[in-house]
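For reference, the structure discussed in these notes is given below.
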Amino acid sequence: MKTTQYLAEVVHELNQTVQLIRDSEAEKLINQILKSKKIFVAGAGRSGLMGKSFVMRMMHMGIDAYVVGETVTANLEKGDLLIIGSGSGETKTLVAIAEKAKSLGGTIAAITISPESTIGELADIIVKLPGVTKDQSEGDYKTIQPMGSLFEQTMLLFYDALILRFMEKKSLDSNKMYGKHANLE
């Protein structure tokens, strides 16, 4: 197959994931983002990179948002939200972060393939995304892509869709957000 044929298949797979995500779960998450004081996002590997992009966009909207583990991350307090992106929901470091946030009175949201996982059990809000885990042993989806690529890509697009929903609810547009974009480059 040619590269563009692979790309077409990846886009086709992503297009099929949309109808498998529950709007009610997404709406719970967006409402919690709206009422939380601070937002923290955690993920490992590529899932973590998707989370970083989400935090960047939240910052552009004026939300007090942080990537867990960065040197400039604030402290989590009662009334704050921790969003964890984890396909398996079993990544040990992320489980420990979820447990700590729960003990501090934080609200936990899991973006996962596996709602019945350890992180899923700790979560107050679960958004189930289609895909397969990186070892492709769990998940309700078939993909031509390696490891957890489909889940990670779906998560990035889901995060971008949350941004659009937040913009709608807060009457924001790209011009208002651009004012918060880095200008020292």
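So you can find residues: chains in the structure tokens are A, B, ... in the order shown, residues in each start at 1, and ligands are numbered from 1 in order.
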**OP:** Can you check which residues of chain A DSSP gives as strand (DSSP E) on the backbone and send them as a list in words?
**Re:**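 Answer for chain A, restricted to strand (DSSP E): Ile39, Phe40, Val41, Ala42, Gly43, Ala65, Tyr66, Val67, Leu81, Leu82, Ile83, Ile84, Gly85, Thr107, Ile108, Ala109, Ala110, Ile111, Thr112, Ile125, Ile126, Val127 and Lys128 of chain A.
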Which residues of segment 39-95 of chain A sit at most 12 Å from segment 123-130 of chain A, using only C-alpha atoms? Give each one's shortest atom pair and distance in Å (one decimal place), in chain and ascending residue order, as a Markdown table.
| residue | atom | partner | partner_atom | distance |
| --- | --- | --- | --- | --- |
| A:Leu81 | CA | A:Asp124 | CA | 9.9 |
| A:Leu82 | CA | A:Ala123 | CA | 9.3 |
| A:Ile83 | CA | A:Ile125 | CA | 9.1 |
| A:Ile84 | CA | A:Ala123 | CA | 9.1 |
| A:Gly85 | CA | A:Val127 | CA | 9.6 |
| A:Ser86 | CA | A:Leu129 | CA | 10.1 |
| A:Gly87 | CA | A:Leu129 | CA | 8.3 |
| A:Ser88 | CA | A:Lys128 | CA | 11.0 |
| A:Gly89 | CA | A:Ala123 | CA | 10.2 |
| A:Leu94 | CA | A:Ala123 | CA | 11.9 |
| A:Val95 | CA | A:Ala123 | CA | 10.5 |
**OP:** Do a neighbour search on Ala26 of chain A at 12 Å with only C-alpha atoms, toss out local chain neighbours closer than 6 positions, and write the hits as a PyMOL selection string.
**Re:** chain A and resi 18+20+32-33+109-111+125-129+155+158-166
Go ahead and dump the residues you just picked, C-alpha atoms, as a PDB file, in the first residue's frame.
ATOM      1  CA  VAL A  18     -16.903   9.110  16.540  1.00  0.00           C
ATOM      2  CA  LEU A  20     -18.829   5.094  19.624  1.00  0.00           C
ATOM      3  CA  GLN A  32     -16.809  19.502  35.425  1.00  0.00           C
ATOM      4  CA  ILE A  33     -14.098  21.487  33.618  1.00  0.00           C
ATOM      5  CA  ALA A 109     -11.892  11.871  35.112  1.00  0.00           C
ATOM      6  CA  ALA A 110     -10.621   8.878  33.145  1.00  0.00           C
ATOM      7  CA  ILE A 111     -10.300   8.934  29.368  1.00  0.00           C
ATOM      8  CA  ILE A 125     -16.242  10.633  35.439  1.00  0.00           C
ATOM      9  CA  ILE A 126     -15.401   8.117  32.717  1.00  0.00           C
ATOM     10  CA  VAL A 127     -15.231   8.804  29.008  1.00  0.00           C
ATOM     11  CA  LYS A 128     -14.804   5.547  27.146  1.00  0.00           C
ATOM     12  CA  LEU A 129     -12.960   5.890  23.872  1.00  0.00           C
ATOM     13  CA  MET A 155      -8.022  11.090  22.374  1.00  0.00           C
ATOM     14  CA  PHE A 158     -11.693  14.212  21.450  1.00  0.00           C
ATOM     15  CA  TYR A 159      -9.694  16.772  23.436  1.00  0.00           C
ATOM     16  CA  ASP A 160      -9.956  19.201  20.500  1.00  0.00           C
ATOM     17  CA  ALA A 161     -13.716  18.605  20.350  1.00  0.00           C
ATOM     18  CA  LEU A 162     -13.944  19.400  24.091  1.00  0.00           C
ATOM     19  CA  ILE A 163     -12.158  22.686  23.363  1.00  0.00           C
ATOM     20  CA  LEU A 164     -14.740  23.530  20.699  1.00  0.00           C
ATOM     21  CA  ARG A 165     -17.593  22.696  23.104  1.00  0.00           C
ATOM     22  CA  PHE A 166     -16.009  24.867  25.810  1.00  0.00           C
TER      23      PHE A 166
END
Original post:
Using only C-alpha atoms, which residues sit within 12 Å of segment 6-16 of chain A once same-chain residues fewer than 2 positions away are excluded, as a PyMOL selection string?
Top reply: chain A and resi 1-4+18-21+129-131+141-146+149-158
**OP:** Just list the residues in segment 94-164 of chain A DSSP gives helix (DSSP H, G or I) on the backbone, as a ChimeraX atom specification.
**Re:** /A:94-103,118-122,149-164
